[in-house]
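Source file: upload.pdb. Holds: PDB, C-alpha atoms, pLDDT in the B column.
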```
ATOM      1  CA  MET A1236      13.847  -6.818  18.387  1.00 41.00           C
ATOM      2  CA  SER A1237      15.046  -5.462  15.049  1.00 50.00           C
ATOM      3  CA  GLU A1238      12.799  -3.223  12.998  1.00 70.00           C
ATOM      4  CA  ASN A1239      11.074  -4.901  10.077  1.00 83.00           C
ATOM      5  CA  LEU A1240      11.886  -3.522   6.653  1.00 89.00           C
ATOM      6  CA  PRO A1241       9.287  -1.882   4.454  1.00 94.00           C
ATOM      7  CA  LEU A1242       8.449  -2.960   0.949  1.00 95.00           C
ATOM      8  CA  GLU A1243       9.699  -0.077  -1.214  1.00 96.00           C
ATOM      9  CA  THR A1244       8.670   1.197  -4.638  1.00 95.00           C
ATOM     10  CA  THR A1245      10.092   4.324  -6.266  1.00 96.00           C
ATOM     11  CA  PHE A1246       8.291   6.405  -8.906  1.00 92.00           C
ATOM     12  CA  ASP A1247       9.320   9.259 -11.138  1.00 94.00           C
ATOM     13  CA  VAL A1248       6.650  11.926 -10.823  1.00 93.00           C
ATOM     14  CA  ARG A1249       4.979  12.391 -14.176  1.00 92.00           C
ATOM     15  CA  PHE A1250       4.074  15.881 -15.377  1.00 92.00           C
ATOM     16  CA  CYS A1251       0.422  14.804 -15.732  1.00 92.00           C
ATOM     17  CA  GLU A1252       0.331  14.089 -11.975  1.00 93.00           C
ATOM     18  CA  THR A1253       0.864  17.748 -11.145  1.00 92.00           C
ATOM     19  CA  ASP A1254      -1.878  20.323 -10.746  1.00 87.00           C
ATOM     20  CA  ALA A1255      -2.248  24.012 -11.508  1.00 84.00           C
ATOM     21  CA  LEU A1256      -0.368  24.873  -8.317  1.00 83.00           C
ATOM     22  CA  GLY A1257       2.724  23.022  -9.555  1.00 83.00           C
ATOM     23  CA  HIS A1258       2.665  20.157  -7.076  1.00 89.00           C
ATOM     24  CA  VAL A1259       1.456  16.571  -7.223  1.00 93.00           C
ATOM     25  CA  GLY A1260      -2.331  16.306  -7.147  1.00 89.00           C
ATOM     26  CA  ASN A1261      -3.868  14.512  -4.186  1.00 89.00           C
ATOM     27  CA  THR A1262      -5.346  11.663  -6.258  1.00 90.00           C
ATOM     28  CA  ALA A1263      -1.889  10.536  -7.416  1.00 94.00           C
ATOM     29  CA  LEU A1264      -1.084   9.370  -3.872  1.00 95.00           C
ATOM     30  CA  VAL A1265      -3.939   6.859  -3.832  1.00 95.00           C
ATOM     31  CA  GLN A1266      -2.635   5.351  -7.089  1.00 95.00           C
ATOM     32  CA  TRP A1267       0.952   5.282  -5.861  1.00 96.00           C
ATOM     33  CA  PHE A1268      -0.074   3.615  -2.608  1.00 97.00           C
ATOM     34  CA  GLU A1269      -2.007   0.980  -4.554  1.00 96.00           C
ATOM     35  CA  ALA A1270       1.020   0.282  -6.763  1.00 96.00           C
ATOM     36  CA  GLY A1271       3.142   0.078  -3.620  1.00 96.00           C
ATOM     37  CA  ARG A1272       0.932  -2.798  -2.441  1.00 97.00           C
ATOM     38  CA  ASP A1273       1.796  -5.001  -5.463  1.00 95.00           C
ATOM     39  CA  PRO A1274       4.347  -7.047  -3.472  1.00 96.00           C
ATOM     40  CA  ILE A1275       1.637  -7.746  -0.868  1.00 96.00           C
ATOM     41  CA  PHE A1276      -0.778  -8.851  -3.577  1.00 96.00           C
ATOM     42  CA  ARG A1277       1.872 -11.404  -4.625  1.00 95.00           C
ATOM     43  CA  PHE A1278       1.787 -12.959  -1.138  1.00 96.00           C
ATOM     44  CA  PHE A1279      -1.789 -13.993  -1.916  1.00 96.00           C
ATOM     45  CA  THR A1280      -1.532 -14.679  -5.669  1.00 94.00           C
ATOM     46  CA  PRO A1281       2.097 -14.829  -6.897  1.00 94.00           C
ATOM     47  CA  GLU A1282       1.126 -14.548 -10.585  1.00 93.00           C
ATOM     48  CA  LEU A1283      -1.291 -11.654  -9.890  1.00 92.00           C
ATOM     49  CA  ASP A1284      -4.020 -13.823 -11.448  1.00 91.00           C
ATOM     50  CA  LEU A1285      -7.036 -11.522 -11.847  1.00 91.00           C
ATOM     51  CA  THR A1286      -9.337 -14.508 -12.504  1.00 90.00           C
ATOM     52  CA  ASN A1287      -8.574 -15.743  -8.994  1.00 88.00           C
ATOM     53  CA  TRP A1288      -8.144 -12.425  -7.158  1.00 93.00           C
ATOM     54  CA  PRO A1289      -8.369 -12.915  -3.381  1.00 95.00           C
ATOM     55  CA  LEU A1290      -8.530  -9.390  -1.953  1.00 97.00           C
ATOM     56  CA  ILE A1291     -10.975  -6.521  -1.677  1.00 97.00           C
ATOM     57  CA  LEU A1292     -10.333  -3.013  -0.422  1.00 97.00           C
ATOM     58  CA  ALA A1293     -12.473  -2.146   2.596  1.00 97.00           C
ATOM     59  CA  SER A1294     -11.189   1.364   3.335  1.00 97.00           C
ATOM     60  CA  TYR A1295      -8.348   3.792   2.873  1.00 96.00           C
ATOM     61  CA  HIS A1296      -7.247   7.045   4.453  1.00 97.00           C
ATOM     62  CA  VAL A1297      -4.512   9.463   3.357  1.00 97.00           C
ATOM     63  CA  ASP A1298      -2.899  12.261   5.370  1.00 97.00           C
ATOM     64  CA  PHE A1299      -0.816  14.909   3.627  1.00 96.00           C
ATOM     65  CA  HIS A1300       2.197  16.305   5.507  1.00 97.00           C
ATOM     66  CA  ALA A1301       4.174  18.189   2.826  1.00 97.00           C
ATOM     67  CA  GLN A1302       3.881  19.010  -0.855  1.00 95.00           C
ATOM     68  CA  LEU A1303       5.284  16.679  -3.511  1.00 96.00           C
ATOM     69  CA  PHE A1304       6.776  18.088  -6.705  1.00 94.00           C
ATOM     70  CA  TYR A1305       7.523  17.146 -10.294  1.00 92.00           C
ATOM     71  CA  GLY A1306      11.112  16.302 -11.212  1.00 90.00           C
ATOM     72  CA  LYS A1307      12.124  14.383  -8.096  1.00 93.00           C
ATOM     73  CA  PRO A1308      11.473  10.668  -7.458  1.00 96.00           C
ATOM     74  CA  VAL A1309       9.032   9.548  -4.774  1.00 97.00           C
ATOM     75  CA  THR A1310       9.521   6.415  -2.697  1.00 98.00           C
ATOM     76  CA  ILE A1311       6.544   4.567  -1.258  1.00 98.00           C
ATOM     77  CA  LYS A1312       7.346   2.570   1.875  1.00 98.00           C
ATOM     78  CA  THR A1313       4.770  -0.087   2.693  1.00 98.00           C
ATOM     79  CA  PHE A1314       4.397  -1.730   6.090  1.00 97.00           C
ATOM     80  CA  ILE A1315       1.762  -3.943   7.677  1.00 97.00           C
ATOM     81  CA  SER A1316       0.221  -2.398  10.796  1.00 97.00           C
ATOM     82  CA  ARG A1317      -2.418  -5.031  11.677  1.00 97.00           C
ATOM     83  CA  VAL A1318      -3.187  -8.632  10.771  1.00 98.00           C
ATOM     84  CA  GLY A1319      -6.482 -10.219  11.727  1.00 98.00           C
ATOM     85  CA  LYS A1320      -8.226 -13.477  10.885  1.00 98.00           C
ATOM     86  CA  SER A1321      -9.323 -12.405   7.385  1.00 98.00           C
ATOM     87  CA  SER A1322      -8.223  -8.772   7.067  1.00 98.00           C
ATOM     88  CA  PHE A1323      -5.086  -6.711   7.434  1.00 98.00           C
ATOM     89  CA  GLU A1324      -4.036  -3.079   7.339  1.00 98.00           C
ATOM     90  CA  THR A1325      -1.195  -1.474   5.460  1.00 98.00           C
ATOM     91  CA  LEU A1326       0.628   1.618   6.651  1.00 98.00           C
ATOM     92  CA  GLN A1327       2.262   3.487   3.787  1.00 98.00           C
ATOM     93  CA  GLU A1328       4.525   6.509   3.566  1.00 98.00           C
ATOM     94  CA  ALA A1329       5.420   8.695   0.584  1.00 98.00           C
ATOM     95  CA  TRP A1330       8.949  10.144   0.754  1.00 98.00           C
ATOM     96  CA  GLN A1331      10.556  12.789  -1.465  1.00 97.00           C
ATOM     97  CA  ASN A1332      13.924  14.454  -0.790  1.00 96.00           C
ATOM     98  CA  ASP A1333      14.190  12.635   2.575  1.00 97.00           C
ATOM     99  CA  VAL A1334      10.881  14.194   3.713  1.00 98.00           C
ATOM    100  CA  LYS A1335       7.840  12.112   4.625  1.00 98.00           C
ATOM    101  CA  CYS A1336       5.186  13.901   2.575  1.00 98.00           C
ATOM    102  CA  ALA A1337       2.141  11.666   3.119  1.00 98.00           C
ATOM    103  CA  THR A1338       0.955   8.636   5.042  1.00 98.00           C
ATOM    104  CA  GLY A1339      -1.883   6.296   4.261  1.00 97.00           C
ATOM    105  CA  THR A1340      -3.661   3.343   5.784  1.00 98.00           C
ATOM    106  CA  THR A1341      -5.596   0.759   3.837  1.00 98.00           C
ATOM    107  CA  THR A1342      -7.711  -2.131   5.103  1.00 98.00           C
ATOM    108  CA  LEU A1343      -7.794  -5.149   2.816  1.00 98.00           C
ATOM    109  CA  VAL A1344      -9.932  -8.257   3.245  1.00 98.00           C
ATOM    110  CA  HIS A1345      -9.033 -11.753   2.071  1.00 98.00           C
ATOM    111  CA  PHE A1346     -12.180 -12.566   0.115  1.00 97.00           C
ATOM    112  CA  ASP A1347     -13.715 -15.607  -1.574  1.00 95.00           C
ATOM    113  CA  PHE A1348     -15.648 -14.263  -4.548  1.00 93.00           C
ATOM    114  CA  LYS A1349     -17.429 -17.599  -5.127  1.00 93.00           C
ATOM    115  CA  SER A1350     -19.008 -17.644  -1.673  1.00 95.00           C
ATOM    116  CA  GLN A1351     -19.039 -13.819  -1.405  1.00 96.00           C
ATOM    117  CA  ARG A1352     -17.530 -14.034   2.082  1.00 96.00           C
ATOM    118  CA  SER A1353     -14.304 -13.171   3.788  1.00 97.00           C
ATOM    119  CA  ALA A1354     -11.816 -16.036   4.091  1.00 97.00           C
ATOM    120  CA  PRO A1355      -9.154 -16.723   6.717  1.00 98.00           C
ATOM    121  CA  ILE A1356      -5.613 -15.653   5.838  1.00 98.00           C
ATOM    122  CA  SER A1357      -3.271 -18.656   5.869  1.00 97.00           C
ATOM    123  CA  ASP A1358      -0.524 -18.824   8.483  1.00 97.00           C
ATOM    124  CA  ALA A1359       2.107 -18.782   5.713  1.00 97.00           C
ATOM    125  CA  VAL A1360       0.764 -15.493   4.319  1.00 97.00           C
ATOM    126  CA  LYS A1361       0.414 -14.045   7.836  1.00 97.00           C
ATOM    127  CA  ASN A1362       4.107 -14.781   8.381  1.00 96.00           C
ATOM    128  CA  GLU A1363       5.012 -12.983   5.137  1.00 96.00           C
ATOM    129  CA  LEU A1364       2.892  -9.998   6.165  1.00 97.00           C
ATOM    130  CA  MET A1365       4.371  -9.848   9.670  1.00 96.00           C
ATOM    131  CA  ALA A1366       7.892  -9.641   8.220  1.00 95.00           C
ATOM    132  CA  HIS A1367       6.941  -6.062   7.313  1.00 96.00           C
ATOM    133  CA  PHE A1368       5.093  -5.132  10.497  1.00 95.00           C
ATOM    134  CA  LYS A1369       5.303  -1.629  11.946  1.00 94.00           C
ATOM    135  CA  GLU A1370       3.174  -0.213  14.744  1.00 89.00           C
ATOM    136  CA  LYS A1371       1.208   2.930  14.015  1.00 82.00           C
TER
END
```
Once more with this new file: its structure as C-alpha cells, please.
Amino acid sequence: MSENLPLETTFDVRFCETDALGHVGNTALVQWFEAGRDPIFRFFTPELDLTNWPLILASYHVDFHAQLFYGKPVTIKTFISRVGKSSFETLQEAWQNDVKCATGTTTLVHFDFKSQRSAPISDAVKNELMAHFKEK
C-alpha cells in the first residue's frame, strides 16, 4: 500500500513569533498547526462558512523535538491518524531545514451547534480524511 500524502502548508517565521532566546515561541506552533488544518476544514465546509461551522476542538497536544528559528520557512505536514463516527484526530509535524522540530495531535468533533450534539461524519468526508491517513 502506498503512503498517503500529507496536506502541507509553509510559513515564513515572523520576527514577532520569536522569543527572548532567539527561537520561535511555543505558542506559535499551536497557531501554525491550526492554520495547517484549513484544508481539512474545507472538507466539512468548502466556503469556510463561519455561520455554519461544523467542528469543535476537543483536545490538542504538542511535543517539541528541536528549536525553530527566525529567517527560515517552516512546513506543517498534516495527516489524519484516526477517524471515528463523529470525531477524528490529526497528526501534524513542523519541519524546518529538513528537521522535524515538533509534532502535534488534535482531536476534532463534527458538531451540530443547533442540537448541541456531535454529528456523524459523512462517508464522503471520511474518504477525504482517509486519503491523508498516517498511523502514529
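Restricting the calculation to all atoms listed in the file, the smallest distance between A:Ala1366 and any of A:Phe1268, A:Phe1278, A:Tyr1305, A:Phe1346 is found for A:Phe1278.
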Checklist entry - How many Å separate atom CA of A:Asp1333 from atom CA of A:Arg1317? => result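 Value for the atom CA of A:Asp1333-atom CA of A:Arg1317 distance: 25.9 Å.
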Checklist entry - Within 7 Å of A:His1258, counting all atoms listed in the file, which residues qualify if same-chain residues fewer than 6 places away don't, as a VMD selection string? => result chain A and resid 1302 to 1305
Hey, can you spit out that residue selection with C-alpha atoms as a compact mmCIF listing (two decimals), in the coordinates of the input?
```
# COMPACT_ATOMS: atom_id res chain seq x y z
CA GLN A 1302 3.88 19.01 -0.86
CA LEU A 1303 5.28 16.68 -3.51
CA PHE A 1304 6.78 18.09 -6.70
CA TYR A 1305 7.52 17.15 -10.29
```
Enclosing box along x, y and z for every listed atom of stretch 1245-1251 of chain A, padded 8 Å each side, centre and size in Å, one decimal, as AutoDock Vina command-line options:
```
--center_x 5.3 --center_y 10.1 --center_z -11.0 --size_x 25.7 --size_y 27.6 --size_z 25.5
```
Checklist outcome for this item: Restricting to all atoms listed in the file, whichever of A:Ile1315, A:Ala1270, A:Leu1285, A:Leu1256 is closest to A:Glu1363 is A:Ile1315
Checklist entry - Please, what distance in Å, to one decimal, runs between atom CA of A:Pro1308 and atom CA of A:Leu1292? => result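 Atom CA of A:Leu1292 lies 26.7 Å from atom CA of A:Pro1308.
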Checklist entry - Which polymer residues have any atom within 10 Å of an atom of A:Phe1348, counting all atoms listed in the file, with same-chain residues fewer than 6 positions away left out, as number ranges by chain? => result A: 1287-1291, 1354
